[in-house]
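Structure data (TSV, C-alpha atoms and all ligand atoms) from input-v5.tsv:
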chain	number	residue	atom	x	y	z
A	935	MET	CA	-20.95	-85.94	-18.48
A	936	ASP	CA	-23.96	-85.75	-20.79
A	937	PRO	CA	-26.15	-82.99	-19.25
A	938	SER	CA	-29.32	-84.89	-20.25
A	939	LEU	CA	-28.30	-87.64	-17.80
A	940	VAL	CA	-28.24	-85.25	-14.84
A	941	LYS	CA	-31.52	-85.86	-13.06
A	942	ILE	CA	-31.88	-82.55	-11.29
A	943	PRO	CA	-34.23	-79.62	-11.76
A	944	PRO	CA	-32.92	-76.79	-13.96
A	945	MET	CA	-30.91	-74.33	-11.94
A	946	LYS	CA	-31.45	-70.76	-12.93
A	947	ASP	CA	-32.26	-67.53	-11.18
A	948	LEU	CA	-30.80	-68.77	-7.93
A	949	THR	CA	-31.15	-66.49	-4.94
A	950	VAL	CA	-29.90	-65.98	-1.40
A	951	ASP	CA	-32.76	-68.20	-0.30
A	952	ASN	CA	-32.57	-71.14	-2.69
A	953	ILE	CA	-28.91	-71.40	-3.76
A	954	THR	CA	-28.07	-73.74	-0.85
A	955	GLU	CA	-30.72	-76.30	-1.68
A	956	ASN	CA	-29.66	-76.32	-5.31
A	957	VAL	CA	-25.94	-76.74	-4.64
A	958	ILE	CA	-26.78	-79.64	-2.34
A	959	ARG	CA	-29.02	-81.16	-4.97
A	960	ILE	CA	-26.38	-81.18	-7.70
A	961	ASN	CA	-23.73	-82.45	-5.27
A	962	SER	CA	-26.05	-85.31	-4.40
A	963	LEU	CA	-25.11	-86.93	-7.73
A	964	CYS	CA	-22.03	-88.08	-5.79
A	965	ARG	CA	-22.09	-91.84	-5.31
A	966	ASP	CA	-20.01	-91.83	-2.17
A	967	GLU	CA	-22.64	-91.58	0.59
A	968	ARG	CA	-20.26	-90.29	3.24
A	969	MET	CA	-18.78	-87.64	0.95
A	970	LYS	CA	-22.28	-86.62	-0.08
A	971	TYR	CA	-23.22	-86.11	3.58
A	972	VAL	CA	-20.04	-84.19	4.42
A	973	LEU	CA	-20.48	-81.87	1.42
A	974	GLU	CA	-24.14	-81.33	2.18
A	975	ARG	CA	-23.35	-80.21	5.71
A	976	LEU	CA	-20.31	-78.18	4.61
A	977	VAL	CA	-22.29	-76.25	2.01
A	978	THR	CA	-25.15	-75.70	4.46
A	979	HIS	CA	-22.86	-74.28	7.15
A	980	LEU	CA	-20.76	-72.23	4.70
A	981	HIS	CA	-23.84	-70.64	3.18
A	982	ASP	CA	-25.42	-70.01	6.58
A	983	PHE	CA	-22.15	-68.43	7.69
A	984	ALA	CA	-22.23	-66.04	4.72
A	985	ARG	CA	-25.91	-65.22	5.25
A	986	GLU	CA	-25.49	-64.73	8.98
A	987	THR	CA	-22.37	-62.55	8.80
A	988	ARG	CA	-23.65	-60.70	5.68
A	989	LEU	CA	-20.20	-61.46	4.24
A	990	SER	CA	-18.95	-58.67	1.98
A	991	THR	CA	-17.15	-59.37	-1.28
A	992	THR	CA	-14.06	-57.67	0.14
A	993	GLU	CA	-14.09	-59.89	3.22
A	994	TRP	CA	-14.63	-63.01	1.11
A	995	MET	CA	-11.63	-62.05	-1.06
A	996	THR	CA	-9.53	-61.31	2.05
A	997	GLY	CA	-10.36	-64.81	3.30
A	998	LEU	CA	-9.39	-66.40	-0.01
A	999	GLN	CA	-6.15	-64.40	-0.12
A	1000	PHE	CA	-5.39	-65.55	3.43
A	1001	LEU	CA	-5.94	-69.23	2.51
A	1002	THR	CA	-3.77	-68.74	-0.58
A	1003	GLU	CA	-0.94	-67.45	1.63
A	1004	VAL	CA	-1.41	-70.35	4.05
A	1005	GLY	CA	-0.96	-72.73	1.11
A	1006	GLN	CA	1.99	-70.86	-0.35
A	1007	ILE	CA	4.08	-71.03	2.84
A	1008	CYS	CA	3.52	-74.79	3.27
A	1009	THR	CA	6.37	-77.22	2.66
A	1010	ASP	CA	6.78	-80.79	3.84
A	1011	VAL	CA	8.17	-79.42	7.13
A	1012	ARG	CA	6.15	-76.20	7.41
A	1013	GLN	CA	2.53	-77.29	7.84
A	1014	GLU	CA	0.68	-73.98	7.99
A	1015	PHE	CA	-2.73	-75.60	7.36
A	1016	ILE	CA	-2.27	-77.83	10.42
A	1017	LEU	CA	-1.35	-74.72	12.41
A	1018	LEU	CA	-4.46	-72.94	11.17
A	1019	SER	CA	-6.60	-75.92	12.14
A	1020	ASP	CA	-4.83	-76.03	15.53
A	1021	ILE	CA	-5.33	-72.38	16.45
A	1022	LEU	CA	-9.00	-72.55	15.46
A	1023	GLY	CA	-9.53	-75.51	17.81
A	1024	LEU	CA	-10.53	-77.78	14.93
A	1025	SER	CA	-7.65	-80.24	15.39
A	1026	LEU	CA	-8.53	-80.92	19.01
A	1027	LEU	CA	-12.21	-81.18	18.16
A	1028	VAL	CA	-11.67	-83.72	15.38
A	1029	ASP	CA	-9.33	-85.81	17.52
A	1030	SER	CA	-11.86	-85.86	20.36
A	1031	ILE	CA	-14.65	-86.96	18.01
A	1032	ASP	CA	-12.69	-89.59	16.11
A	1033	HIS	CA	-10.75	-91.01	19.05
A	1034	PRO	CA	-13.21	-91.01	21.96
A	1035	LYS	CA	-11.70	-92.17	25.22
A	1036	PRO	CA	-13.51	-94.13	27.90
A	1037	ARG	CA	-12.92	-93.10	31.50
A	1038	GLY	CA	-9.56	-94.24	32.81
A	1039	SER	CA	-7.81	-94.30	29.44
A	1040	THR	CA	-5.22	-91.75	28.32
A	1041	GLU	CA	-6.74	-88.75	26.59
A	1042	GLY	CA	-5.53	-87.66	23.18
A	1043	THR	CA	-4.40	-84.22	22.13
A	1044	VAL	CA	-3.23	-82.33	19.05
A	1045	LEU	CA	-0.60	-83.87	16.79
A	1046	GLY	CA	0.83	-80.44	15.92
A	1047	PRO	CA	2.84	-79.73	12.80
A	1048	PHE	CA	6.21	-81.15	13.87
A	1049	HIS	CA	5.85	-84.91	13.77
A	1050	THR	CA	8.17	-86.41	11.15
A	1051	HIS	CA	8.84	-89.91	9.88
A	1052	GLU	CA	12.61	-89.70	10.23
A	1053	ALA	CA	12.93	-90.65	13.91
A	1054	GLU	CA	15.13	-93.65	14.62
A	1055	GLU	CA	14.23	-96.55	16.86
A	1056	LEU	CA	16.41	-96.35	19.97
A	1057	ALA	CA	17.16	-98.99	22.58
A	1058	ALA	CA	15.70	-98.63	26.07
A	1059	GLY	CA	17.63	-96.08	28.09
A	1060	ALA	CA	19.06	-94.23	25.07
A	1061	SER	CA	19.09	-90.46	24.84
A	1062	MET	CA	16.93	-88.87	22.19
A	1063	SER	CA	18.29	-85.35	22.71
A	1064	HIS	CA	21.77	-84.16	21.86
A	1065	ASP	CA	21.26	-80.67	23.20
A	1066	PRO	CA	24.01	-79.97	25.77
A	1067	HIS	CA	22.09	-76.99	27.15
A	1068	GLY	CA	18.88	-78.86	28.03
A	1069	GLN	CA	18.12	-80.00	31.57
A	1070	PRO	CA	18.60	-83.80	31.50
A	1071	LEU	CA	15.41	-85.73	32.17
A	1072	LEU	CA	14.85	-89.44	32.74
A	1073	VAL	CA	11.50	-90.61	31.37
A	1074	VAL	CA	10.05	-93.92	32.57
A	1075	CYS	CA	6.64	-94.93	31.26
A	1076	THR	CA	4.37	-97.94	31.09
A	1077	VAL	CA	1.68	-98.83	28.60
A	1078	LYS	CA	-1.39	-100.71	29.79
A	1079	ASP	CA	-4.77	-101.67	28.40
A	1080	THR	CA	-8.05	-100.61	30.02
A	1081	ALA	CA	-8.09	-103.82	32.07
A	1082	GLY	CA	-4.72	-102.89	33.61
A	1083	ASN	CA	-2.61	-105.43	31.70
A	1084	PRO	CA	0.78	-104.30	30.41
A	1085	VAL	CA	0.90	-103.95	26.61
A	1086	PRO	CA	4.24	-105.08	25.16
A	1087	ASP	CA	5.73	-104.22	21.76
A	1088	VAL	CA	3.88	-100.93	21.29
A	1089	LYS	CA	5.60	-98.59	18.84
A	1090	VAL	CA	5.96	-95.26	20.62
A	1091	ASP	CA	6.93	-92.17	18.67
A	1092	ILE	CA	8.26	-89.38	20.91
A	1093	TRP	CA	9.28	-85.83	19.99
A	1094	GLU	CA	10.17	-82.59	21.76
A	1095	THR	CA	11.98	-79.32	21.10
A	1096	ASP	CA	15.53	-78.46	22.09
A	1097	SER	CA	16.21	-76.14	25.03
A	1098	THR	CA	15.57	-73.07	22.84
A	1099	GLY	CA	12.07	-74.25	21.95
A	1100	HIS	CA	12.81	-75.36	18.37
A	1101	TYR	CA	12.17	-78.73	16.75
A	1102	ASP	CA	15.01	-80.19	14.68
A	1103	VAL	CA	13.16	-79.59	11.39
A	1104	GLN	CA	12.97	-75.86	12.12
A	1105	TYR	CA	16.71	-75.53	11.55
A	1106	PRO	CA	17.46	-74.96	7.87
A	1107	ASN	CA	20.68	-76.99	8.11
A	1108	HIS	CA	19.32	-79.85	10.23
A	1109	GLU	CA	20.96	-83.18	9.49
A	1110	GLY	CA	18.97	-86.11	10.74
A	1111	PRO	CA	16.62	-86.41	13.69
A	1112	ASP	CA	17.24	-84.86	17.09
A	1113	GLY	CA	14.81	-84.55	19.97
A	1114	ARG	CA	12.79	-87.42	18.54
A	1115	CYS	CA	12.89	-91.20	18.63
A	1116	ILE	CA	10.89	-94.39	18.46
A	1117	MET	CA	10.74	-96.74	21.42
A	1118	ARG	CA	9.10	-100.12	21.91
A	1119	SER	CA	7.46	-101.15	25.15
A	1120	ASP	CA	9.02	-104.25	26.71
A	1121	ALA	CA	7.29	-107.38	28.08
A	1122	ASP	CA	6.15	-105.37	31.13
A	1123	GLY	CA	4.79	-102.57	28.96
A	1124	VAL	CA	7.70	-100.33	30.02
A	1125	PHE	CA	9.68	-97.95	27.84
A	1126	TRP	CA	12.28	-95.53	29.17
A	1127	PHE	CA	14.71	-93.06	27.73
A	1128	ARG	CA	16.68	-89.91	28.39
A	1129	ALA	CA	15.49	-86.56	27.12
A	1130	ILE	CA	15.57	-82.94	28.22
A	1131	THR	CA	12.97	-81.12	30.30
A	1132	PRO	CA	10.54	-79.55	27.82
A	1133	VAL	CA	10.32	-75.77	27.53
A	1134	PRO	CA	7.52	-73.50	26.26
A	1135	TYR	CA	7.81	-72.30	22.67
A	1136	PRO	CA	5.87	-70.19	20.20
A	1137	ILE	CA	4.31	-71.94	17.23
A	1138	PRO	CA	5.79	-70.55	13.99
A	1139	HIS	CA	4.26	-67.07	13.85
A	1140	ASP	CA	6.16	-65.44	10.99
A	1141	GLY	CA	3.49	-66.47	8.47
A	1142	PRO	CA	-0.22	-65.89	7.84
A	1143	VAL	CA	-1.35	-67.86	10.92
A	1144	GLY	CA	0.94	-65.78	13.15
A	1145	ARG	CA	-0.47	-62.59	11.63
A	1146	LEU	CA	-3.99	-63.86	12.30
A	1147	LEU	CA	-3.14	-64.58	15.95
A	1148	LYS	CA	-1.71	-61.08	16.32
A	1149	LYS	CA	-4.84	-59.55	14.83
A	1150	LEU	CA	-6.93	-61.60	17.25
A	1151	GLY	CA	-4.86	-60.33	20.18
A	1152	ARG	CA	-3.59	-63.84	20.98
A	1153	HIS	CA	-0.10	-65.02	21.91
A	1154	PRO	CA	1.48	-67.88	19.91
A	1155	PHE	CA	2.90	-69.90	22.85
A	1156	ARG	CA	2.48	-73.54	23.71
A	1157	PRO	CA	3.18	-74.69	27.28
A	1158	SER	CA	6.14	-77.04	27.88
A	1159	HIS	CA	5.26	-80.50	26.58
A	1160	MET	CA	6.54	-83.74	25.11
A	1161	HIS	CA	4.65	-85.52	22.33
A	1162	PHE	CA	3.83	-89.26	22.29
A	1163	MET	CA	2.17	-91.37	19.63
A	1164	PHE	CA	1.26	-95.03	20.23
A	1165	GLU	CA	0.64	-97.70	17.62
A	1166	LYS	CA	-0.14	-101.36	18.02
A	1167	ALA	CA	-2.49	-103.56	16.02
A	1168	GLY	CA	-5.78	-104.04	17.86
A	1169	PHE	CA	-5.50	-100.70	19.71
A	1170	ASP	CA	-6.77	-97.28	18.76
A	1171	HIS	CA	-3.99	-95.03	17.52
A	1172	LEU	CA	-3.22	-92.64	20.39
A	1173	ILE	CA	-1.72	-89.21	19.72
A	1174	THR	CA	-1.09	-87.37	22.94
A	1175	ALA	CA	1.39	-85.24	24.92
A	1176	LEU	CA	2.40	-84.60	28.51
A	1177	TYR	CA	2.40	-81.05	29.82
A	1178	LEU	CA	4.41	-79.67	32.72
A	1179	ARG	CA	2.40	-78.33	35.64
A	1180	ASN	CA	2.59	-74.61	36.44
A	1181	ASP	CA	3.87	-73.67	33.02
A	1182	PRO	CA	3.05	-69.99	32.37
A	1183	TYR	CA	0.98	-71.04	29.34
A	1184	GLU	CA	-0.75	-74.03	30.96
A	1185	THR	CA	-4.18	-72.42	30.66
A	1186	SER	CA	-3.72	-70.46	27.43
A	1187	ASP	CA	-2.16	-72.94	24.99
A	1188	ALA	CA	-2.32	-71.37	21.51
A	1189	VAL	CA	-3.61	-74.69	20.10
A	1190	PHE	CA	-5.90	-75.77	23.00
A	1191	GLY	CA	-4.08	-79.06	23.66
A	1192	VAL	CA	-3.80	-79.12	27.48
A	1193	LYS	CA	-5.96	-81.55	29.46
A	1194	ASP	CA	-5.78	-81.98	33.20
A	1195	SER	CA	-5.11	-85.70	32.96
A	1196	LEU	CA	-2.03	-84.97	30.79
A	1197	VAL	CA	-0.46	-82.43	33.15
A	1198	VAL	CA	2.49	-83.92	35.03
A	1199	ASP	CA	4.98	-83.01	37.72
A	1200	ILE	CA	8.68	-83.54	37.21
A	1201	GLY	CA	9.95	-85.52	40.17
A	1202	THR	CA	13.40	-86.68	41.19
A	1203	ALA	CA	14.97	-90.12	41.14
A	1204	GLY	CA	15.18	-91.79	44.54
A	1205	PRO	CA	17.93	-94.32	45.35
A	1206	GLU	CA	16.07	-97.27	43.82
A	1207	VAL	CA	15.25	-95.55	40.53
A	1208	ALA	CA	18.74	-94.05	40.37
A	1209	GLU	CA	20.30	-97.47	40.65
A	1210	LYS	CA	17.87	-99.22	38.31
A	1211	TYR	CA	18.17	-96.67	35.51
A	1212	GLY	CA	21.79	-95.64	36.01
A	1213	VAL	CA	21.30	-91.98	36.96
A	1214	GLU	CA	22.40	-89.93	39.95
A	1215	GLU	CA	20.06	-89.71	42.89
A	1216	GLY	CA	17.99	-86.53	42.57
A	1217	HIS	CA	18.06	-86.64	38.75
A	1218	ALA	CA	14.93	-85.10	37.15
A	1219	LEU	CA	12.35	-87.81	36.53
A	1220	LEU	CA	9.13	-88.00	34.56
A	1221	ARG	CA	6.91	-91.04	35.14
A	1222	TYR	CA	3.61	-91.74	33.44
A	1223	GLU	CA	1.26	-94.63	32.83
A	1224	PHE	CA	-0.44	-94.59	29.44
A	1225	VAL	CA	-3.65	-96.55	28.97
A	1226	LEU	CA	-4.60	-97.62	25.44
A	1227	VAL	CA	-8.09	-98.44	24.26
A	1228	SER	CA	-8.86	-101.39	22.00
A	1229	ASP	CA	-10.07	-100.75	18.44
A	1230	GLU	CA	-13.26	-102.57	19.25
A	1231	GLU	CA	-14.04	-100.43	22.30
A	1232	THR	CA	-13.24	-97.25	20.35
A	1233	ARG	CA	-15.47	-98.28	17.43
A	1234	ALA	CA	-18.40	-98.96	19.74
A	1235	LEU	CA	-17.92	-95.69	21.63
A	1236	ARG	CA	-17.56	-93.69	18.40
A	1237	ALA	CA	-20.79	-95.16	17.01
A	1238	ARG	CA	-22.66	-94.51	20.25
A	1239	ASN	CA	-21.43	-90.91	20.46
A	1240	SER	CA	-22.33	-90.31	16.78
A	1241	LYS	CA	-25.85	-91.60	17.28
A	1242	GLU	CA	-26.39	-89.51	20.43
A	1243	ALA	CA	-24.98	-86.34	18.81
A	1244	LEU	CA	-27.10	-86.71	15.66
A	1245	ASP	CA	-30.22	-87.57	17.66
A	1246	ARG	CA	-29.72	-84.38	19.66
A	1247	LEU	CA	-29.52	-82.41	16.40
A	1248	GLY	CA	-32.66	-84.15	15.18
A	1249	ARG	CA	-31.00	-85.33	11.95
A	1250	ARG	CA	-32.37	-88.23	10.00
A	1251	VAL	CA	-29.23	-90.20	9.26
A	1252	LYS	CA	-27.94	-93.69	9.63
A	1253	ILE	CA	-24.63	-94.50	11.24
A	1254	VAL	CA	-22.24	-96.58	9.11
A	1255	ASN	CA	-18.83	-97.45	10.61
A	1256	GLY	CA	-19.47	-94.91	13.33
A	1257	LEU	CA	-20.08	-92.09	10.83
A	1258	PRO	CA	-23.38	-90.52	9.74
A	1259	VAL	CA	-24.53	-90.85	6.11
A	1260	PRO	CA	-27.88	-89.87	4.56
A	1261	ASP	CA	-30.72	-92.20	5.53
A	1262	LEU	CA	-32.48	-92.80	2.26
A	1263	ASP	CA	-34.42	-95.94	3.19
B	1301	FE	FE	5.01	-79.54	20.27

Since I need it in another form, could you write the structure as C-alpha cells?
Amino acid sequence: MDPSLVKIPPMKDLTVDNITENVIRINSLCRDERMKYVLERLVTHLHDFARETRLSTTEWMTGLQFLTEVGQICTDVRQEFILLSDILGLSLLVDSIDHPKPRGSTEGTVLGPFHTHEAEELAAGASMSHDPHGQPLLVVCTVKDTAGNPVPDVKVDIWETDSTGHYDVQYPNHEGPDGRCIMRSDADGVFWFRAITPVPYPIPHDGPVGRLLKKLGRHPFRPSHMHFMFEKAGFDHLITALYLRNDPYETSDAVFGVKDSLVVDIGTAGPEVAEKYGVEEGHALLRYEFVLVSDEETRALRARNSKEALDRLGRRVKIVNGLPVPDLD
C-alpha cells in the first residue's frame, strides 16, 4: 500500500498512554466494520490487561511460548486450542451469547474437542457403542419446538466415550467411528438408540493445557455426559449434552459445561417401554425432551441481548445482524 494514501496521523514516539489509540487508529483502515469493531475491542482489552498486570517481558514471552506449544500439539483430532478455550470458560461464554435460549427451550453447552464428521447415520434402535464393558443404556428422546409441536427429520449428532472414558479418536489405531452416530427424528419427533451409560473422564492433560490446569491447582475431569447436536433448517443449531446426576464432578466440570436443566437421572424401563423398545424390564433408560428454538426467535433474542449489553456498557454502537459495529452516523 502506498503510505501516502494512509490517512492517519504520523505514529512516532508512542508511549504506554497513547499506543492503544494509535493501534486502533491504524486498524480502522479495515473496511470490514465488524472486524474493525472486534479488533478495536481486542486491542483495548489486551493493552489494558498488560497495563493493569504490569506484564513483564519474561511473562509475555512465557505466554507466547505457551501458545506456541498449544499450536504445536494440535492435529485434526487433538484440538488443544478448543481445550484452552474450554478451560478458560470462553467456549461456554461464546455459546451462551451467540445461541441465547428463551425460557423452556433446551440450553446449549460446550462442543468440546471430540466431535468428528465421521459418524454414520443409524436406524432407530441401533446401537452406537460396541464396547462390551459398558453398561447398556436405552436412550429415548423427543424433539419439539417452543410451541410444543414435535419436530420431525432433525439431524441429531450424538457422541460419547467408551467405558474407559476415551473417545474413539483418542485411540491411535482407531478404525472408523464408535460411540458416535447420527439419528433422525421421526414424524413424532422421536429418536431412540442404544448406547452405554456415560462415565467421567479427564480431558487430555498430557499437553500444555493439562500443565496449565495443574499449575492452577485444578483437576482435568468432566462429569459423565453424552453429547447431542441438532440441525434442521429454520431452527437454531443446538449443541448440548446431558449430564448424569450425582456425578462426583457435577459441580466442578473442568470446562464449565454443566447446567441444571441438562442434568438427568438414569431410570429403568417399565413393562411398556421394555416391550415397545425390545429391552428387558429394568433395563437402564435415559429419556429426555429437547426443545429447539427457531432461527427467527434466536435472531430477535440475540439482537435484543446485544443492545441491552452494549447499552449497559454505555457504548455507542449500532447492532447489525445481532452484532455490534461502530456507529459512525
Ligand atoms: Fe465429552

Cut-off 7 Å, only C-alpha atoms and all ligand atoms, neighbours of ligand FE 1301 (chain B) as a PyMOL selection string
chain A and resi 1046+1048+1094+1159-1161

So that I can check the surroundings of region 1078-1090 of chain A, please list as an MDAnalysis selection string every protein, DNA and RNA residue that reaches within 6 Å of it, counting only C-alpha atoms and ignoring chain neighbours fewer than 2 positions away.
chainID A and resid 1116:1123 1163:1166 1225:1226

Could you give me, as a PyMOL selection string, the residues within 12 Å of Met1062 (chain A), counting only C-alpha atoms and dropping anything in the same chain fewer than 2 positions from it?
chain A and resi 1053-1060+1064-1066+1068+1070-1073+1091-1096+1102+1110-1117+1126-1131+1160

Just the selected residues (C-alpha atoms), exported as a PDB file, in the frame of the given file, please.
ATOM      1  CA  ALA A1053      12.930 -90.650  13.910  1.00  0.00           C
ATOM      2  CA  GLU A1054      15.130 -93.650  14.620  1.00  0.00           C
ATOM      3  CA  GLU A1055      14.230 -96.550  16.860  1.00  0.00           C
ATOM      4  CA  LEU A1056      16.410 -96.350  19.970  1.00  0.00           C
ATOM      5  CA  ALA A1057      17.160 -98.990  22.580  1.00  0.00           C
ATOM      6  CA  ALA A1058      15.700 -98.630  26.070  1.00  0.00           C
ATOM      7  CA  GLY A1059      17.630 -96.080  28.090  1.00  0.00           C
ATOM      8  CA  ALA A1060      19.060 -94.230  25.070  1.00  0.00           C
ATOM      9  CA  HIS A1064      21.770 -84.160  21.860  1.00  0.00           C
ATOM     10  CA  ASP A1065      21.260 -80.670  23.200  1.00  0.00           C
ATOM     11  CA  PRO A1066      24.010 -79.970  25.770  1.00  0.00           C
ATOM     12  CA  GLY A1068      18.880 -78.860  28.030  1.00  0.00           C
ATOM     13  CA  PRO A1070      18.600 -83.800  31.500  1.00  0.00           C
ATOM     14  CA  LEU A1071      15.410 -85.730  32.170  1.00  0.00           C
ATOM     15  CA  LEU A1072      14.850 -89.440  32.740  1.00  0.00           C
ATOM     16  CA  VAL A1073      11.500 -90.610  31.370  1.00  0.00           C
ATOM     17  CA  ASP A1091       6.930 -92.170  18.670  1.00  0.00           C
ATOM     18  CA  ILE A1092       8.260 -89.380  20.910  1.00  0.00           C
ATOM     19  CA  TRP A1093       9.280 -85.830  19.990  1.00  0.00           C
ATOM     20  CA  GLU A1094      10.170 -82.590  21.760  1.00  0.00           C
ATOM     21  CA  THR A1095      11.980 -79.320  21.100  1.00  0.00           C
ATOM     22  CA  ASP A1096      15.530 -78.460  22.090  1.00  0.00           C
ATOM     23  CA  ASP A1102      15.010 -80.190  14.680  1.00  0.00           C
ATOM     24  CA  GLY A1110      18.970 -86.110  10.740  1.00  0.00           C
ATOM     25  CA  PRO A1111      16.620 -86.410  13.690  1.00  0.00           C
ATOM     26  CA  ASP A1112      17.240 -84.860  17.090  1.00  0.00           C
ATOM     27  CA  GLY A1113      14.810 -84.550  19.970  1.00  0.00           C
ATOM     28  CA  ARG A1114      12.790 -87.420  18.540  1.00  0.00           C
ATOM     29  CA  CYS A1115      12.890 -91.200  18.630  1.00  0.00           C
ATOM     30  CA  ILE A1116      10.890 -94.390  18.460  1.00  0.00           C
ATOM     31  CA  MET A1117      10.740 -96.740  21.420  1.00  0.00           C
ATOM     32  CA  TRP A1126      12.280 -95.530  29.170  1.00  0.00           C
ATOM     33  CA  PHE A1127      14.710 -93.060  27.730  1.00  0.00           C
ATOM     34  CA  ARG A1128      16.680 -89.910  28.390  1.00  0.00           C
ATOM     35  CA  ALA A1129      15.490 -86.560  27.120  1.00  0.00           C
ATOM     36  CA  ILE A1130      15.570 -82.940  28.220  1.00  0.00           C
ATOM     37  CA  THR A1131      12.970 -81.120  30.300  1.00  0.00           C
ATOM     38  CA  MET A1160       6.540 -83.740  25.110  1.00  0.00           C
TER      39      MET A1160
END

Enclose the full set of atoms of region 969-981 of chain A listed in the file within a box whose edges lie along x, y and z, apply 3 Å of padding to each of the six sides, and report centre and edge lengths in Å to one decimal as JSON.
{"center_x": -22.0, "center_y": -79.1, "center_z": 3.5, "size_x": 12.4, "size_y": 23.0, "size_z": 13.2}

Just the residues within 9 Å of region 947-950 of chain A, please, counting all atoms listed in the file, with nothing from its chain fewer than 4 positions along; format it as a ChimeraX atom specification.
/A:954,956,981,985

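Counting only C-alpha atoms, the residue from A:Val1004, A:Leu1172, A:Ile960, A:Val1207 that sits nearest to His1139 (chain A) is A:Val1004.
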
Write out as a PyMOL selection string the residues lying within 9 Å of region 962-979 of chain A, counting only C-alpha atoms and excluding same-chain residues fewer than 2 positions away.
chain A and resi 940-942+954-955+957-960+981-984+1254+1257-1260

Using only C-alpha atoms, what does the table of region 1019-1045 of chain A residues within 12 Å of region 1142-1150 of chain A look like, with each row giving the shortest atom pair and its distance in Å to one decimal, sorted by chain and ascending number, as a Markdown table?
| residue | atom | partner | partner_atom | distance |
| --- | --- | --- | --- | --- |
| A:Ser1019 | CA | A:Val1143 | CA | 9.7 |
| A:Asp1020 | CA | A:Val1143 | CA | 10.0 |
| A:Ile1021 | CA | A:Leu1147 | CA | 8.1 |
| A:Leu1022 | CA | A:Leu1147 | CA | 9.9 |

As a check of understanding: the span from CA of Thr987 (chain A) to CA of Leu1001 (chain A) is 18.8 Å

What's the 8 Å shell around Tyr1135 (chain A), counting all atoms listed in the file, without same-chain residues fewer than 4 positions away, as a ChimeraX atom specification?
/A:1098-1100,1155-1158

Could those selected residues go to a file with C-alpha atoms, as a PDB file, keeping the file's coordinate frame?
ATOM      1  CA  THR A1098      15.570 -73.070  22.840  1.00  0.00           C
ATOM      2  CA  GLY A1099      12.070 -74.250  21.950  1.00  0.00           C
ATOM      3  CA  HIS A1100      12.810 -75.360  18.370  1.00  0.00           C
ATOM      4  CA  PHE A1155       2.900 -69.900  22.850  1.00  0.00           C
ATOM      5  CA  ARG A1156       2.480 -73.540  23.710  1.00  0.00           C
ATOM      6  CA  PRO A1157       3.180 -74.690  27.280  1.00  0.00           C
ATOM      7  CA  SER A1158       6.140 -77.040  27.880  1.00  0.00           C
TER       8      SER A1158
END

Residue with smallest distance to Gly1216 (chain A) - pool A:Thr1043, A:Gln1069, A:Ser1228, A:Thr1202, counting all atoms listed in the file:
A:Thr1202

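Distance annotation: of A:Leu998, A:Ala1237, A:Val1124, A:Leu1026, the residue with the minimal separation from Val1192 (chain A) is A:Leu1026; atom set is all atoms listed in the file.
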
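Going from CA of Met995 (chain A) to CA of Arg1152 (chain A) covers 23.5 Å.
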
What's the separation between CA of Pro1047 (chain A) and CA of Ser1186 (chain A), in Å to one decimal place?
18.5 Å
